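Presented below is the structure to which this report refers.
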Amino acid sequence: TVPKDPVLAARGLVREFRGFRAVDGVDLDVAEGSVHALVGPNGAGKTTLFNLLTGFLKPTAGSVRLGGQELAGRSPERIARLGLARSFQITSLFAELTPRQHVELALAGRSGLGWRFWRSDRALGRYSARAAELLEQVGLAGHGEVPAGALAYGRKRALELALALALDPKVLLLDEPTAGMGVEDVDRTVALIERVREGRTVVLVEHNMSVVSDLADRVTVLQHGQVLVEGPYAEIRHDPRVVTAYLGD
Ligand code: ADP
């Protein structure tokens with residue numbers, strides 16, 4: 001088969017903080033339909049790169065293209081509307097609102113209805129069928145009507161995922177989707193990502209190597225803000241440079 005153009009491509013991405021290069025000339029190609037993991041030791045630049053891709057940080061230099069469109073310099077909201085969405089942070093959930101209301105708001109926001117309608121159940125009601133589908137997809141079908149603040153940790157993370165999916169993104173970015181989870185929640189999250197990746201491209205920052213091996217088609221290993229190695233997990237995991245990077249230097 002003829003290799004397709006990458007759906008997401010970064011070229012020469014740089015981000016400096018007071019002269020320190022947290023991301024130092026990164027090229028990244030994410031193939032359409034793939035799960036692509038960003039890994040590397042603490043301080044390697046993963047979070048900074050993630051924030052550059054999603055527009056939460058502006059690059060000092062370089063470009064990020066989604067499909068044919070340049071993203072660098074655009075706002076996170078604009079980037080999300082162009083088809084690149086990240087899962088929300090738990091801290092952005094409203095404790096008193098239910099999962100159903102959260103997802104309805106996300107769907108309403110996407111269609112331009114706007115947050116000013118957030119109290120109007122009638123306005124949001126038109127999204128209830130799609131909201132129910134999304135909650136079902138992330139395993140929250142039985143938990144749509146409790147205040148989000150009362151959800152267990154793993155379920156809050158599942159809700160964040162539903163909010164990102166509500167944007168129907170071409171590329172879904174997941175920042176440490178299994179962070180802070182016990183084994184059972186990790187397994188459930190891996191199964192969940194397997195389900196939602198259908199028809200999408202997923203980029204994830206992940207520390208748990210067994211999760212990377214379960215999910216990722218390709219892996220980019222970062223160190224000191226640069227790409228150390230890139231390839232399929234089976235190839236990179238025994239690479240001596242990767243082993244050394246993880247042992248610390
Ligand atoms: P990782 O996510 O791989 O642990 P980060 O992207 O968080 O790495 O950080 C990469 C490097 O950039 C670290 O040395 C960190 O201290 C530095 N850094 C990150 N954000 C900032 C910031 N806002 N100001 C100054 N230095 C930063």
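Quick note on naming: the chains in the structure tokens go A, B, ... in the order shown, residues restart at 1 in each chain, and ligands are numbered from 1 in order of appearance.
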>> Any residue with an atom at most 10 Å from ligand 1 counts, using only C-alpha atoms and all ligand atoms. Which are they? Put them as a PyMOL selection string.
In response: chain A and resi 15-23+38-52+57+175-176+205-207+221-225
>> Would you pick out the contacts of A:Glu104 at 8 Å or less, using only C-alpha atoms, so that residues sharing its chain but fewer than 6 positions from it are not included, and give the list as a ChimeraX atom specification?
In response: /A:124-125,127-128,131
>> Taking the DSSP secondary structure from the backbone, can you list the residues of stretch 9-193 of chain A that are strand (DSSP E or B), as a ChimeraX atom specification?
In response: /A:9-17,20-30,35-39,61-66,69-70,84-86,171-175
> If we count only C-alpha atoms, what is near A:Gly231 at a cut-off of 10 Å, once residues fewer than 3 positions away on the same chain are taken out, given as number ranges by chain?
Replying inline: A: 36, 217-221, 234-237
Residue subset to file, keeping C-alpha atoms, as a PDB file, in the first residue's frame:
ATOM      1  CA  HIS A  36       1.246   7.348  18.289  1.00  0.00           C
ATOM      2  CA  ASP A 217       1.523   1.605  16.551  1.00  0.00           C
ATOM      3  CA  ARG A 218       4.490   3.954  16.682  1.00  0.00           C
ATOM      4  CA  VAL A 219       6.492   5.549  19.440  1.00  0.00           C
ATOM      5  CA  THR A 220       8.526   8.749  19.531  1.00  0.00           C
ATOM      6  CA  VAL A 221      11.077   8.806  22.341  1.00  0.00           C
ATOM      7  CA  ALA A 234       8.845  -3.654  19.360  1.00  0.00           C
ATOM      8  CA  GLU A 235      11.845  -1.946  17.705  1.00  0.00           C
ATOM      9  CA  ILE A 236      12.466   0.919  20.072  1.00  0.00           C
ATOM     10  CA  ARG A 237      12.072  -0.933  23.363  1.00  0.00           C
TER      11      ARG A 237
END
>> So that I can check the secondary structure, give me every residue of stretch 6-221 of chain A assigned alpha helix (DSSP H) by backbone DSSP, as a PyMOL selection string.
In response: chain A and resi 46-53+76-82+99-110+121-125+128-137+153-165+183-196+209-215
>> So that I can see what lies close to stretch 98-100 of chain A, please list as a ChimeraX atom specification the residues with an atom at most 12 Å from it, counting only C-alpha atoms and leaving out residues fewer than 2 positions away in the same chain.
In response: /A:93-96,102-107,121,124-125,127-136,138-151,155-163,166
>> Give me the residues near A:Leu84 as JSON, numbers by chain, where near means some atom within 8 Å (using only C-alpha atoms) and where sequence neighbours in that chain fewer than 3 positions away do not count.
In response: {"A": [54, 66, 79, 80, 81, 169, 170, 171, 172, 173]}
Pull N, CA and C atoms from the residues just selected and write them as a PDB file, in the first residue's frame.
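Full text of selection.pdb as output:
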ATOM      1  N   THR A  54      -1.369  21.423  20.685  1.00  0.00           N
ATOM      2  CA  THR A  54      -2.758  21.795  20.949  1.00  0.00           C
ATOM      3  C   THR A  54      -2.949  23.301  21.061  1.00  0.00           C
ATOM      4  N   LEU A  66      -2.055  20.157  10.368  1.00  0.00           N
ATOM      5  CA  LEU A  66      -3.104  19.149  10.498  1.00  0.00           C
ATOM      6  C   LEU A  66      -3.789  19.075   9.145  1.00  0.00           C
ATOM      7  N   ILE A  79      -7.916  25.443  17.119  1.00  0.00           N
ATOM      8  CA  ILE A  79      -7.267  24.168  16.790  1.00  0.00           C
ATOM      9  C   ILE A  79      -8.221  23.015  17.046  1.00  0.00           C
ATOM     10  N   ALA A  80      -8.964  23.086  18.157  1.00  0.00           N
ATOM     11  CA  ALA A  80      -9.948  22.036  18.453  1.00  0.00           C
ATOM     12  C   ALA A  80     -11.007  22.000  17.359  1.00  0.00           C
ATOM     13  N   ARG A  81     -11.446  23.180  16.908  1.00  0.00           N
ATOM     14  CA  ARG A  81     -12.468  23.202  15.853  1.00  0.00           C
ATOM     15  C   ARG A  81     -11.919  22.703  14.525  1.00  0.00           C
ATOM     16  N   PRO A 169     -13.131  14.814  16.980  1.00  0.00           N
ATOM     17  CA  PRO A 169     -11.852  15.242  16.408  1.00  0.00           C
ATOM     18  C   PRO A 169     -11.284  14.230  15.410  1.00  0.00           C
ATOM     19  N   LYS A 170     -10.545  14.741  14.442  1.00  0.00           N
ATOM     20  CA  LYS A 170      -9.759  13.874  13.543  1.00  0.00           C
ATOM     21  C   LYS A 170      -8.634  13.251  14.327  1.00  0.00           C
ATOM     22  N   VAL A 171      -7.996  14.074  15.162  1.00  0.00           N
ATOM     23  CA  VAL A 171      -6.878  13.615  15.979  1.00  0.00           C
ATOM     24  C   VAL A 171      -7.209  13.896  17.446  1.00  0.00           C
ATOM     25  N   LEU A 172      -7.104  12.830  18.249  1.00  0.00           N
ATOM     26  CA  LEU A 172      -7.407  12.927  19.671  1.00  0.00           C
ATOM     27  C   LEU A 172      -6.099  12.844  20.447  1.00  0.00           C
ATOM     28  N   LEU A 173      -5.832  13.875  21.270  1.00  0.00           N
ATOM     29  CA  LEU A 173      -4.605  13.875  22.065  1.00  0.00           C
ATOM     30  C   LEU A 173      -4.931  13.544  23.514  1.00  0.00           C
TER      31      LEU A 173
END
> Out of A:Glu32, A:Val212, A:Gly182, A:Leu165, which residue has the shortest atom-to-atom distance to A:Tyr153 when counting only C-alpha atoms?
Replying inline: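 Looking at the shortest contact to A:Tyr153, the residue is A:Gly182.
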> So how many Å separate atom CA of A:Leu247 and atom CA of A:Ala9, to one decimal?
Replying inline: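 Calculated distance between atom CA of A:Leu247 and atom CA of A:Ala9 is 29.5 Å.
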> How many Å lie between atom CA of A:Ser213 and atom CA of A:Tyr233, rounded to one decimal?
Replying inline: 6.1 Å
> Which is closest to A:Phe56 among A:Gln101, A:Ser75, A:Ser87, A:Thr189, if we use only C-alpha atoms?
Replying inline: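 That would be A:Ser75, the residue with the smallest distance to A:Phe56.
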